[in-house]
$ cat final_28.cif   # mmCIF, C-alpha atoms
data_start
#
loop_
_atom_site.label_atom_id
_atom_site.label_comp_id
_atom_site.auth_asym_id
_atom_site.auth_seq_id
_atom_site.Cartn_x
_atom_site.Cartn_y
_atom_site.Cartn_z
CA MET A 178 11.48 -27.87 -10.16
CA LEU A 179 14.62 -25.96 -9.21
CA ASN A 180 17.94 -27.81 -9.28
CA LYS A 181 19.63 -27.98 -5.88
CA LYS A 182 23.35 -27.78 -5.17
CA ILE A 183 24.06 -29.68 -1.93
CA LYS A 184 27.54 -30.00 -0.54
CA PRO A 185 27.42 -33.32 1.39
CA LEU A 186 29.43 -33.68 4.58
CA THR A 187 32.02 -36.37 3.94
CA PHE A 188 32.21 -39.45 6.13
CA GLY A 189 35.73 -38.55 7.11
CA LEU A 190 34.72 -35.13 8.37
CA PHE A 191 31.93 -36.78 10.33
CA ILE A 192 34.46 -39.03 12.09
CA LEU A 193 36.66 -36.00 12.88
CA ILE A 194 33.68 -34.25 14.50
CA ILE A 195 32.94 -37.36 16.62
CA LEU A 196 36.58 -37.52 17.77
CA PHE A 197 36.57 -33.77 18.51
CA VAL A 198 33.41 -34.01 20.62
CA GLY A 199 34.85 -37.02 22.44
CA ALA A 200 38.00 -35.06 23.25
CA CYS A 201 35.94 -32.17 24.57
CA SER A 202 33.98 -34.61 26.74
CA SER A 203 37.13 -36.04 28.24
CA SER A 204 38.47 -32.58 28.95
CA GLY A 205 35.20 -31.58 30.60
CA SER A 206 35.09 -34.63 32.87
CA SER A 207 38.50 -33.80 34.30
CA ASN A 208 37.47 -30.28 35.32
CA GLY A 209 36.07 -31.32 38.70
CA ASN A 210 34.32 -27.97 39.25
CA SER A 211 30.83 -29.33 38.74
CA SER A 212 29.16 -32.71 38.85
CA GLU A 213 27.13 -31.52 35.83
CA SER A 214 30.15 -30.75 33.63
CA GLU A 215 29.94 -31.47 29.90
CA GLY A 216 31.89 -34.72 30.33
CA ASN A 217 29.33 -36.11 32.77
CA LYS A 218 26.31 -35.57 30.51
CA PRO A 219 24.56 -38.68 29.17
CA ALA A 220 26.03 -40.16 26.00
CA ALA A 221 22.79 -39.47 24.13
CA THR A 222 23.27 -35.74 24.70
CA VAL A 223 26.78 -35.86 23.30
CA GLU A 224 25.54 -37.74 20.24
CA ASN A 225 22.89 -35.08 19.64
CA GLN A 226 25.47 -32.32 19.87
CA SER A 227 27.68 -34.04 17.34
CA SER A 228 24.99 -34.30 14.64
CA PRO A 229 26.35 -32.69 11.48
CA GLN A 230 24.50 -29.58 10.29
CA GLU A 231 23.42 -29.44 6.68
CA GLU A 232 24.71 -26.55 4.67
CA GLU A 233 22.25 -24.22 2.97
CA GLU A 234 20.63 -25.64 -0.15
CA VAL A 235 21.30 -23.17 -2.93
CA PRO A 236 19.11 -23.34 -6.03
CA ASP A 237 20.84 -23.12 -9.39
CA LEU A 238 18.72 -20.77 -11.50
CA GLY A 239 20.50 -21.65 -14.71
CA GLY A 240 21.52 -18.14 -15.71
CA ARG A 241 18.09 -16.58 -15.14
CA VAL A 242 17.97 -12.80 -15.42
CA ILE A 243 16.61 -11.02 -12.33
CA ARG A 244 15.53 -7.49 -13.22
CA LEU A 245 15.08 -4.50 -10.90
CA SER A 246 13.48 -1.40 -12.36
CA ALA A 247 13.04 2.28 -11.62
CA TRP A 248 12.70 5.53 -13.55
CA TRP A 249 16.39 6.19 -12.96
CA ASP A 250 19.50 4.01 -13.23
CA LEU A 251 19.85 1.84 -10.13
CA THR A 252 23.25 0.48 -11.19
CA PRO A 253 25.94 1.21 -8.57
CA ASN A 254 28.55 3.45 -10.18
CA GLY A 255 31.52 2.00 -8.29
CA GLU A 256 32.88 5.46 -7.44
CA SER A 257 32.54 5.23 -3.64
CA ALA A 258 33.48 2.58 -1.12
CA SER A 259 29.82 1.72 -0.50
CA SER A 260 29.10 1.54 -4.24
CA LYS A 261 32.06 -0.78 -4.78
CA ALA A 262 30.81 -2.97 -1.95
CA GLU A 263 27.41 -3.13 -3.63
CA LEU A 264 28.96 -4.25 -6.91
CA GLU A 265 30.98 -6.92 -5.12
CA GLN A 266 27.91 -8.19 -3.30
CA ILE A 267 25.88 -8.31 -6.53
CA ALA A 268 28.63 -10.36 -8.17
CA ALA A 269 28.68 -12.75 -5.21
CA VAL A 270 24.91 -13.22 -5.36
CA GLU A 271 25.03 -13.79 -9.13
CA GLU A 272 27.63 -16.52 -8.68
CA LYS A 273 25.82 -18.11 -5.73
CA TYR A 274 22.50 -18.50 -7.52
CA ASN A 275 23.78 -18.63 -11.13
CA VAL A 276 21.77 -15.55 -12.10
CA ASN A 277 22.34 -12.29 -13.91
CA ILE A 278 21.06 -9.16 -12.17
CA GLU A 279 20.02 -6.33 -14.45
CA PHE A 280 18.83 -2.81 -13.67
CA VAL A 281 16.12 -1.50 -16.00
CA ASN A 282 15.70 2.25 -16.42
CA VAL A 283 12.29 3.26 -17.83
CA PRO A 284 11.32 6.93 -18.32
CA PHE A 285 8.91 8.16 -15.66
CA ASP A 286 6.21 9.15 -18.16
CA ASN A 287 6.04 5.59 -19.53
CA TYR A 288 6.75 3.71 -16.33
CA VAL A 289 3.31 2.92 -14.92
CA ASP A 290 1.90 2.07 -18.35
CA LYS A 291 4.70 -0.41 -18.95
CA PHE A 292 4.21 -1.97 -15.54
CA THR A 293 0.46 -2.30 -16.08
CA THR A 294 0.50 -3.69 -19.60
CA THR A 295 3.24 -6.27 -18.96
CA THR A 296 1.74 -7.39 -15.66
CA LEU A 297 -1.72 -7.81 -17.16
CA ALA A 298 -0.12 -9.88 -19.93
CA GLY A 299 1.37 -12.17 -17.27
CA GLU A 300 4.94 -11.20 -18.10
CA PRO A 301 6.07 -8.34 -15.83
CA PHE A 302 8.94 -6.39 -17.39
CA ALA A 303 10.87 -6.63 -14.11
CA ASP A 304 10.89 -8.97 -11.13
CA ILE A 305 11.12 -6.09 -8.65
CA VAL A 306 9.66 -2.70 -9.57
CA MET A 307 9.97 0.70 -7.96
CA LEU A 308 6.59 2.41 -7.69
CA GLU A 309 5.23 5.48 -5.98
CA ASN A 310 2.71 4.49 -3.32
CA LYS A 311 -0.06 6.37 -5.12
CA ALA A 312 0.64 4.27 -8.23
CA ALA A 313 1.08 1.05 -6.31
CA LEU A 314 -2.23 1.28 -4.45
CA PRO A 315 -4.49 0.92 -7.53
CA ALA A 316 -2.35 -2.04 -8.66
CA ILE A 317 -2.67 -3.61 -5.21
CA LEU A 318 -6.44 -3.21 -5.22
CA LYS A 319 -6.56 -4.86 -8.65
CA GLY A 320 -4.42 -7.81 -7.53
CA GLN A 321 -1.40 -6.88 -9.64
CA ILE A 322 1.14 -6.80 -6.77
CA LEU A 323 2.03 -9.65 -4.42
CA PRO A 324 1.93 -9.26 -0.62
CA ILE A 325 5.32 -9.79 0.98
CA ASP A 326 4.37 -11.06 4.44
CA GLU A 327 4.96 -14.68 3.42
CA PHE A 328 8.45 -13.70 2.23
CA THR A 329 9.47 -11.74 5.30
CA ASP A 330 8.74 -14.10 8.18
CA GLY A 331 11.24 -16.36 9.89
CA SER A 332 14.72 -17.10 8.59
CA SER A 333 14.07 -15.71 5.12
CA ASN A 334 14.04 -12.22 6.61
CA ILE A 335 17.80 -12.31 7.06
CA ASN A 336 18.54 -8.61 6.92
CA ASN A 337 15.98 -7.04 9.22
CA GLU A 338 18.07 -7.86 12.29
CA GLN A 339 20.75 -5.56 10.89
CA ASN A 340 18.22 -2.97 9.70
CA LEU A 341 19.41 -3.39 6.12
CA ILE A 342 15.92 -3.90 4.70
CA LYS A 343 12.51 -2.78 5.86
CA LYS A 344 8.85 -3.18 5.13
CA ASN A 345 7.18 0.03 4.06
CA GLU A 346 3.96 1.36 5.57
CA PRO A 347 0.96 -0.88 4.77
CA LEU A 348 -1.05 -0.11 1.64
CA GLY A 349 -4.60 -1.29 1.05
CA GLY A 350 -4.56 -3.01 4.41
CA GLY A 351 -1.49 -5.18 3.77
CA ASN A 352 2.29 -5.18 3.44
CA TYR A 353 3.50 -4.93 -0.16
CA GLY A 354 6.39 -2.48 -0.36
CA PHE A 355 9.96 -2.88 0.87
CA GLY A 356 13.35 -1.28 0.47
CA ARG A 357 16.52 -0.11 2.13
CA PRO A 358 16.14 2.17 5.12
CA GLY A 359 17.19 5.79 5.05
CA ASN A 360 16.82 8.87 7.17
CA SER A 361 14.71 11.63 5.70
CA GLY A 362 11.33 13.23 6.05
CA VAL A 363 9.33 16.43 6.16
CA SER A 364 9.69 18.76 9.11
CA LEU A 365 8.68 22.16 10.44
CA MET A 366 11.67 24.38 9.73
CA TYR A 367 12.32 27.77 11.27
CA ASN A 368 14.49 30.71 10.32
CA ARG A 369 16.92 31.11 13.22
CA GLU A 370 17.81 34.65 12.18
CA ILE A 371 14.20 35.85 12.36
CA PHE A 372 13.67 34.07 15.66
CA LYS A 373 16.74 35.80 17.08
CA GLN A 374 15.75 39.25 15.75
CA LEU A 375 12.23 38.97 17.17
CA GLY A 376 13.23 37.31 20.43
CA LEU A 377 11.12 34.21 19.81
CA PRO A 378 11.62 31.01 21.84
CA ASP A 379 13.71 28.27 20.26
CA LEU A 380 11.42 25.54 18.92
CA GLN A 381 13.76 22.67 19.76
CA GLU A 382 13.72 23.76 23.39
CA LEU A 383 9.92 23.85 23.34
CA TYR A 384 9.85 20.40 21.77
CA ALA A 385 12.23 19.00 24.40
CA LYS A 386 9.97 20.34 27.16
CA GLY A 387 6.83 18.86 25.59
CA GLU A 388 5.38 22.30 24.85
CA TRP A 389 5.41 22.11 21.06
CA ASN A 390 1.77 21.87 19.93
CA TRP A 391 -0.75 23.67 17.72
CA SER A 392 -1.45 26.36 20.27
CA LYS A 393 2.22 27.22 20.64
CA PHE A 394 2.70 27.13 16.86
CA GLU A 395 -0.18 29.57 16.37
CA GLU A 396 1.10 31.84 19.13
CA ILE A 397 4.56 32.07 17.59
CA ALA A 398 3.18 32.53 14.07
CA LYS A 399 1.19 35.52 15.28
CA LEU A 400 4.19 37.00 17.11
CA ALA A 401 6.35 36.57 13.99
CA THR A 402 3.93 38.32 11.63
CA LYS A 403 5.30 41.85 11.97
CA ASP A 404 5.25 45.25 10.29
CA THR A 405 8.48 46.47 11.84
CA ASN A 406 8.70 49.85 10.07
CA ASN A 407 5.02 50.85 10.25
CA ASP A 408 4.55 51.15 6.50
CA GLY A 409 1.40 49.07 6.51
CA LYS A 410 3.09 45.97 5.09
CA ASN A 411 4.39 42.96 6.97
CA ASP A 412 8.16 42.67 6.95
CA TYR A 413 8.02 39.22 8.51
CA TRP A 414 5.47 36.44 8.27
CA GLY A 415 4.78 33.63 10.68
CA PHE A 416 4.27 30.86 8.13
CA SER A 417 4.10 29.98 4.43
CA GLY A 418 3.44 27.00 2.19
CA TRP A 419 1.25 25.37 -0.45
CA GLY A 420 -2.31 25.22 0.87
CA LEU A 421 -2.97 21.60 -0.15
CA ASP A 422 0.33 20.44 1.30
CA ILE A 423 -0.31 22.28 4.57
CA ALA A 424 -3.71 20.60 4.87
CA ARG A 425 -2.23 17.14 4.35
CA HIS A 426 0.47 17.63 6.99
CA PHE A 427 -1.74 19.12 9.68
CA ALA A 428 -4.30 16.37 9.09
CA ALA A 429 -1.59 13.70 9.44
CA VAL A 430 -0.26 15.09 12.72
CA ASN A 431 -3.82 15.05 14.03
CA GLY A 432 -4.18 11.36 13.11
CA ALA A 433 -6.38 11.96 10.02
CA LYS A 434 -6.00 10.94 6.40
CA ALA A 435 -8.20 11.94 3.48
CA VAL A 436 -8.78 8.30 2.53
CA ASP A 437 -8.61 5.22 4.72
CA ASP A 438 -7.23 2.87 2.08
CA ALA A 439 -7.40 -0.16 4.40
CA VAL A 440 -11.20 -0.12 4.49
CA GLY A 441 -12.02 1.96 1.41
CA LYS A 442 -13.61 4.93 3.14
CA GLU A 443 -13.33 8.66 2.59
CA GLY A 444 -11.79 10.54 5.49
CA ILE A 445 -12.68 14.16 4.87
CA SER A 446 -15.65 13.83 7.22
CA ASP A 447 -13.52 12.33 10.01
CA PRO A 448 -13.75 14.65 13.06
CA LYS A 449 -9.94 14.68 13.22
CA MET A 450 -9.82 15.95 9.64
CA VAL A 451 -12.49 18.54 10.42
CA GLU A 452 -10.39 19.77 13.34
CA ALA A 453 -7.30 20.08 11.12
CA LEU A 454 -9.18 22.01 8.44
CA GLU A 455 -10.65 24.37 11.04
CA PHE A 456 -7.15 25.08 12.33
CA ILE A 457 -5.76 25.78 8.86
CA ASN A 458 -8.69 28.04 8.05
CA LYS A 459 -7.92 30.01 11.20
CA LEU A 460 -4.27 30.47 10.20
CA TYR A 461 -5.22 31.86 6.79
CA ASN A 462 -8.44 33.73 7.38
CA VAL A 463 -8.53 34.72 11.06
CA ASP A 464 -4.93 35.06 12.24
CA LYS A 465 -3.71 36.01 8.74
CA VAL A 466 -0.20 34.74 9.46
CA VAL A 467 0.45 32.94 6.15
CA LYS A 468 2.45 34.72 3.45
CA VAL A 469 1.05 34.10 -0.05
CA LYS A 470 3.58 35.40 -2.56
CA THR A 471 1.67 34.57 -5.76
CA GLY A 472 -1.73 35.64 -4.49
CA ASN A 473 -3.02 32.08 -5.01
CA ARG A 474 -3.09 30.00 -1.84
CA MET A 475 -3.41 26.79 -3.87
CA GLU A 476 -0.40 27.50 -6.11
CA TRP A 477 2.14 24.73 -5.52
CA THR A 478 5.12 27.10 -5.95
CA GLU A 479 4.11 28.61 -2.59
CA MET A 480 6.11 25.67 -1.21
CA GLU A 481 9.23 27.78 -1.88
CA THR A 482 8.01 31.17 -0.65
CA PHE A 483 10.11 30.70 2.51
CA LYS A 484 13.26 31.12 0.40
CA ASP A 485 12.64 34.88 0.37
CA GLY A 486 14.01 34.87 3.92
CA ASP A 487 11.10 36.75 5.53
CA VAL A 488 9.10 33.74 6.80
CA ALA A 489 9.66 32.49 10.33
CA MET A 490 8.30 28.93 9.93
CA PHE A 491 7.68 26.65 6.97
CA ILE A 492 7.21 22.98 6.13
CA ALA A 493 9.86 21.42 3.90
CA ALA A 494 11.82 18.29 3.05
CA GLU A 495 15.63 18.02 2.97
CA TRP A 496 15.89 18.30 -0.80
CA MET A 497 14.28 21.76 -0.66
CA VAL A 498 16.74 23.45 1.70
CA GLY A 499 20.27 22.58 0.59
CA ASP A 500 20.84 26.03 -0.94
CA LEU A 501 19.33 28.27 1.74
CA GLN A 502 21.22 31.48 2.46
CA PHE A 503 19.98 31.87 6.03
CA ASP A 504 20.51 29.82 9.18
CA PHE A 505 17.66 27.45 10.02
CA SER A 506 16.74 24.51 12.24
CA ILE A 507 13.98 21.91 12.41
CA VAL A 508 11.43 20.26 14.65
CA PRO A 509 8.59 17.86 13.88
CA ILE A 510 5.36 19.47 12.72
CA PRO A 511 3.50 20.00 16.00
CA ASN A 512 1.01 17.31 16.92
CA GLY A 513 -2.66 18.19 16.96
CA PRO A 514 -5.03 17.43 19.86
CA GLN A 515 -5.79 13.96 18.42
CA GLY A 516 -2.32 13.23 17.08
CA SER A 517 0.54 11.02 18.28
CA ASP A 518 4.23 10.51 17.64
CA LYS A 519 3.44 7.67 15.20
CA TYR A 520 2.94 10.14 12.37
CA VAL A 521 4.70 13.50 12.22
CA PHE A 522 4.14 14.40 8.55
CA ALA A 523 2.10 13.35 5.51
CA ASP A 524 4.10 11.28 3.04
CA SER A 525 2.60 12.11 -0.35
CA ALA A 526 5.79 11.18 -2.23
CA GLY A 527 6.40 7.74 -0.71
CA GLN A 528 7.73 4.95 -2.89
CA GLY A 529 9.22 1.49 -2.60
CA PHE A 530 10.00 -1.78 -4.31
CA PHE A 531 7.17 -4.18 -5.17
CA ILE A 532 6.94 -7.66 -6.70
CA PRO A 533 4.40 -7.87 -9.54
CA LYS A 534 1.96 -10.73 -9.91
CA GLY A 535 3.31 -13.22 -12.43
CA VAL A 536 6.93 -13.14 -11.28
CA LYS A 537 8.35 -16.66 -11.13
CA ASP A 538 9.52 -17.87 -7.70
CA PRO A 539 8.73 -14.54 -5.97
CA GLN A 540 9.95 -15.68 -2.55
CA LEU A 541 13.34 -16.54 -4.02
CA VAL A 542 13.44 -13.22 -5.88
CA TYR A 543 12.82 -11.44 -2.58
CA LYS A 544 15.56 -13.48 -0.89
CA ILE A 545 18.01 -12.58 -3.64
CA TYR A 546 17.21 -8.90 -3.09
CA GLU A 547 17.83 -9.32 0.63
CA GLU A 548 21.22 -10.83 -0.03
CA MET A 549 22.08 -8.12 -2.56
CA VAL A 550 21.75 -5.45 0.13
CA ASP A 551 23.39 -7.52 2.87
CA ILE A 552 26.36 -5.16 3.05
CA PRO A 553 27.83 -3.85 6.32
CA PRO A 554 27.05 -0.12 6.53
CA LEU A 555 29.98 2.26 6.12
CA GLU A 556 28.17 5.17 7.82
CA ASP A 557 27.22 5.59 11.46
CA PHE A 558 23.57 5.71 10.34
CA PRO A 559 21.80 5.55 6.97
CA GLY A 560 22.00 8.82 5.08
CA GLN A 561 24.72 10.30 7.28
CA THR A 562 26.67 11.91 4.43
CA TRP A 563 23.47 13.23 2.85
CA LEU A 564 22.20 14.80 6.08
CA GLU A 565 25.56 16.27 7.04
CA GLY A 566 25.66 17.98 3.68
CA ILE A 567 22.33 19.72 4.35
CA TYR A 568 22.18 20.60 8.04
CA LYS A 569 24.68 22.83 9.81
CA HIS A 570 23.66 21.82 13.33
CA GLN A 571 24.05 18.34 14.80
CA GLU A 572 20.81 18.87 16.70
CA ASP A 573 18.95 18.99 13.39
CA ILE A 574 20.48 15.73 12.18
CA ASP A 575 19.58 14.11 15.50
CA MET A 576 16.04 15.42 15.12
CA VAL A 577 15.67 13.77 11.70
CA VAL A 578 17.13 10.44 12.80
CA GLN A 579 15.43 10.18 16.18
CA HIS A 580 12.09 11.95 15.80
CA ILE A 581 11.10 12.39 12.13
CA SER A 582 12.43 9.70 9.80
CA GLY A 583 10.09 6.78 9.19
CA ARG A 584 7.07 8.55 10.71
CA GLY A 585 5.28 9.66 7.57
CA MET A 586 1.60 8.84 7.12
CA PRO A 587 0.99 7.69 3.53
CA ALA A 588 -1.16 10.33 1.82
CA LEU A 589 -2.91 8.40 -0.94
CA GLU A 590 -5.83 10.51 -2.11
CA ASP A 591 -4.02 11.12 -5.42
CA ALA A 592 -4.40 7.41 -6.15
CA TYR A 593 -8.17 7.92 -6.48
CA PRO A 594 -9.21 9.78 -9.67
CA ASP A 595 -11.56 12.71 -8.99
CA PHE A 596 -11.01 12.65 -5.23
CA PRO A 597 -11.92 16.24 -4.21
CA LEU A 598 -9.40 17.07 -1.45
CA SER A 599 -7.97 19.98 -3.43
CA SER A 600 -11.45 21.42 -3.94
CA VAL A 601 -12.22 21.05 -0.25
CA VAL A 602 -9.07 22.91 0.79
CA GLU A 603 -9.53 25.61 -1.84
CA ASP A 604 -13.10 26.34 -0.79
CA ILE A 605 -12.02 26.66 2.84
CA ILE A 606 -8.79 28.67 2.65
CA SER A 607 -9.37 30.65 -0.57
CA LYS A 608 -13.13 31.20 -0.50
CA ASN A 609 -13.43 31.24 3.30
CA ALA A 610 -16.28 28.73 3.13
CA SER A 611 -17.39 27.01 6.32
CA VAL A 612 -15.58 23.73 6.98
CA THR A 613 -18.73 21.78 7.80
CA SER A 614 -20.67 23.01 4.77
CA THR A 615 -17.69 22.31 2.51
CA ILE A 616 -17.38 18.75 3.77
CA ASP A 617 -21.13 18.20 3.30
CA LYS A 618 -20.74 19.48 -0.25
CA TYR A 619 -17.94 17.07 -1.21
CA LYS A 620 -18.41 14.02 1.03
CA GLN A 621 -20.50 12.03 -1.46
CA GLN A 622 -18.08 12.76 -4.31
CA ALA A 623 -15.17 11.68 -2.13
CA GLN A 624 -16.73 8.33 -1.29
CA ALA A 625 -17.72 7.75 -4.92
CA ALA A 626 -14.09 8.26 -5.96
CA VAL A 627 -12.98 5.69 -3.41
CA ASP A 628 -15.67 3.21 -4.44
CA ALA A 629 -14.73 3.58 -8.11
CA LEU A 630 -11.24 2.24 -7.43
CA GLY A 631 -12.47 -0.52 -5.14
CA LYS A 632 -11.26 -1.87 -1.83
#

$ encode --input "final_28.cif" --output "structure tokens"
Amino acid sequence: MLNKKIKPLTFGLFILIILFVGACSSSGSSNGNSSESEGNKPAATVENQSSPQEEEEVPDLGGRVIRLSAWWDLTPNGESASSKAELEQIAAVEEKYNVNIEFVNVPFDNYVDKFTTTTLAGEPFADIVMLENKAALPAILKGQILPIDEFTDGSSNINNEQNLIKKNEPLGGGNYGFGRPGNSGVSLMYNREIFKQLGLPDLQELYAKGEWNWSKFEEIAKLATKDTNNDGKNDYWGFSGWGLDIARHFAAVNGAKAVDDAVGKEGISDPKMVEALEFINKLYNVDKVVKVKTGNRMEWTEMETFKDGDVAMFIAAEWMVGDLQFDFSIVPIPNGPQGSDKYVFADSAGQGFFIPKGVKDPQLVYKIYEEMVDIPPLEDFPGQTWLEGIYKHQEDIDMVVQHISGRGMPALEDAYPDFPLSSVVEDIISKNASVTSTIDKYKQQAQAAVDALGK
């Protein structure tokens, strides 16, 4: 049983409140503007209004250590105004609840193993753990992570009104992850200099007019793939990227995911996935608009081929473009025929905080986290300084904040050992195999991988 600290309202203060309400009633009755003034209300109503309100009951946790963990140091460094405010808020929360808050830094290579072994032993190494979604999903399916819905309803969810804390996208059919909001995402970026040289239409203008779709993307990619000096080699390319990554994103913007983790079903045979794979196959093998620098379409370093400066359009996240030497802008990846604005990219790198099974008083732990981050923002919007350091054009920042951030579809096939999405994509774009025959070839393996992990 937790000890409670209650600050009782003294009898004297109670009398002062009664006298104050009585004075207000007298003042109201002399107004004369309305027969229903406060002073003319029944005495019972006045008595109800004067009832003293109890102050919040604050549990004394007796010096308990509350640990938050990640594979980097979460401790605020105190070097900025926001960081100093975080330290001050942490100190206030520690005093309020009589706790000590510690930040645990565990190397990435050992992180999941430590989480798993300590949680299975019933003694999680931290009360709140940072996990990648693809690592969290297996733990969720095995009952090693607690759902947070019971912690986030009603008055306990104090910070959501100020957008200082958010639930992450559902995993395994429920809400488990949470964290502080930010503004970031993956977008379709375009080289402004190439667009200007080739006289191509500005993509943000197309997006604003509702004309940005797969057909328009393909049209522009074909126009941008040019041999300008007639030497038999393309000087410009319409598009580039890592084949597997491209497949994930175009599937997401068509409303398809490789695995439906909520019901435990493979998604490679979903007609929306088939449509996305057909489109990607066309880009590579029919239109031939994709630059492949290494010669291997499944080589992950193709993600950075756009940095050569001869690619008109490419898919990238903010962290990939801070050092670009050419002018660029962004739009959402164009929606497919079955897509919607709900998802505008595939989030294969999503992560969040989770509460492991076995944590004592998990609802209180969650509440303490909420209060730790209950700090008035010092920026006009989350991530303002970060975004302004990357993008040169205000229109691009607005695009991230208003149309891209928070709209990533969790891509979770990596959570399932032996799931064959990479093989599917490779057969289609590298071996030019038929989409339908490829899906028939791998569908059973895909479902077996999902079944092996469980629902």

$ closest_residue --input "final_28.cif" --among "A:Asp500, A:Gln515, A:Lys273, A:Glu395" --to "Pro448 of chain A" --atoms "all atoms listed in the file"
A:Gln515

$ residues_near_point --input "final_28.cif" --point "(23.2, -7.5, -14.0)" --cutoff "9 Å" --atoms "only C-alpha atoms" --output "PyMOL selection string"
chain A and resi 242-244+252+267-268+271+276-280

$ resolve_selection --input "final_28.cif" --expression "the PyMOL selection byres ((chain A and resi 383) around 12)" --output "number ranges by chain"
A: 377-382, 384-390, 393-394, 397, 507-509, 511

$ resolve_selection --input "final_28.cif" --expression "the PyMOL selection byres ((chain A and resi 528) around 12)" --output "PDB file with C-alpha atoms, in the frame of the given file"
ATOM      1  CA  ALA A 247      13.040   2.280 -11.620  1.00  0.00           C
ATOM      2  CA  TRP A 248      12.700   5.530 -13.550  1.00  0.00           C
ATOM      3  CA  VAL A 306       9.660  -2.700  -9.570  1.00  0.00           C
ATOM      4  CA  MET A 307       9.970   0.700  -7.960  1.00  0.00           C
ATOM      5  CA  LEU A 308       6.590   2.410  -7.690  1.00  0.00           C
ATOM      6  CA  GLU A 309       5.230   5.480  -5.980  1.00  0.00           C
ATOM      7  CA  ASN A 310       2.710   4.490  -3.320  1.00  0.00           C
ATOM      8  CA  LYS A 311      -0.060   6.370  -5.120  1.00  0.00           C
ATOM      9  CA  ALA A 312       0.640   4.270  -8.230  1.00  0.00           C
ATOM     10  CA  ALA A 313       1.080   1.050  -6.310  1.00  0.00           C
ATOM     11  CA  LEU A 314      -2.230   1.280  -4.450  1.00  0.00           C
ATOM     12  CA  LYS A 344       8.850  -3.180   5.130  1.00  0.00           C
ATOM     13  CA  ASN A 345       7.180   0.030   4.060  1.00  0.00           C
ATOM     14  CA  GLU A 346       3.960   1.360   5.570  1.00  0.00           C
ATOM     15  CA  PRO A 347       0.960  -0.880   4.770  1.00  0.00           C
ATOM     16  CA  LEU A 348      -1.050  -0.110   1.640  1.00  0.00           C
ATOM     17  CA  TYR A 353       3.500  -4.930  -0.160  1.00  0.00           C
ATOM     18  CA  GLY A 354       6.390  -2.480  -0.360  1.00  0.00           C
ATOM     19  CA  PHE A 355       9.960  -2.880   0.870  1.00  0.00           C
ATOM     20  CA  GLY A 356      13.350  -1.280   0.470  1.00  0.00           C
ATOM     21  CA  ARG A 357      16.520  -0.110   2.130  1.00  0.00           C
ATOM     22  CA  PRO A 358      16.140   2.170   5.120  1.00  0.00           C
ATOM     23  CA  ASP A 524       4.100  11.280   3.040  1.00  0.00           C
ATOM     24  CA  SER A 525       2.600  12.110  -0.350  1.00  0.00           C
ATOM     25  CA  ALA A 526       5.790  11.180  -2.230  1.00  0.00           C
ATOM     26  CA  GLY A 527       6.400   7.740  -0.710  1.00  0.00           C
ATOM     27  CA  GLY A 529       9.220   1.490  -2.600  1.00  0.00           C
ATOM     28  CA  PHE A 530      10.000  -1.780  -4.310  1.00  0.00           C
ATOM     29  CA  PHE A 531       7.170  -4.180  -5.170  1.00  0.00           C
ATOM     30  CA  GLY A 585       5.280   9.660   7.570  1.00  0.00           C
ATOM     31  CA  PRO A 587       0.990   7.690   3.530  1.00  0.00           C
ATOM     32  CA  ALA A 588      -1.160  10.330   1.820  1.00  0.00           C
ATOM     33  CA  LEU A 589      -2.910   8.400  -0.940  1.00  0.00           C
TER      34      LEU A 589
END

$ residues_near_point --input "final_28.cif" --point "(-11.9, 18.3, 13.6)" --cutoff "10 Å" --atoms "only C-alpha atoms" --output "list of chain:residue names"
A:Ala428, A:Asn431, A:Ala433, A:Ile445, A:Ser446, A:Asp447, A:Pro448, A:Lys449, A:Met450, A:Val451, A:Glu452, A:Ala453, A:Leu454, A:Glu455, A:Phe456, A:Gly513, A:Pro514, A:Gln515, A:Val612, A:Thr613

$ resolve_selection --input "final_28.cif" --expression "the PyMOL selection byres ((chain A and resi 505) around 7)" --output "list of chain:residue names"
A:Met366, A:Tyr367, A:Asn368, A:Arg369, A:Phe503, A:Asp504, A:Ser506

$ residues_around --input "final_28.cif" --residues "Glu603 of chain A" --least-positions-apart "2" --cutoff "8 Å" --atoms "only C-alpha atoms" --output "PyMOL selection string"
chain A and resi 420-421+474-475+599-601+605-608

$ axis_aligned_box --input "final_28.cif" --around "segment 242-257 of chain A" --padding-each-side "6 Å" --output "lines of an AutoDock Vina configuration file"
center_x = 22.8
center_y = -3.3
center_z = -9.5
size_x = 32.2
size_y = 31.0
size_z = 23.8

$ closest_residue --input "final_28.cif" --among "A:Ala401, A:Ala523, A:Val602, A:Ile305" --to "Ser417 of chain A" --atoms "only C-alpha atoms"
A:Ala401

$ closest_residue --input "final_28.cif" --among "A:Leu564, A:Lys534, A:Lys403, A:Asn352" --to "Thr295 of chain A" --atoms "all atoms listed in the file"
A:Lys534

$ residues_around --input "final_28.cif" --residues "Ala439 of chain A" --least-positions-apart "6" --cutoff "8 Å" --atoms "all atoms listed in the file" --output "ChimeraX atom specification"
/A:348-351,632
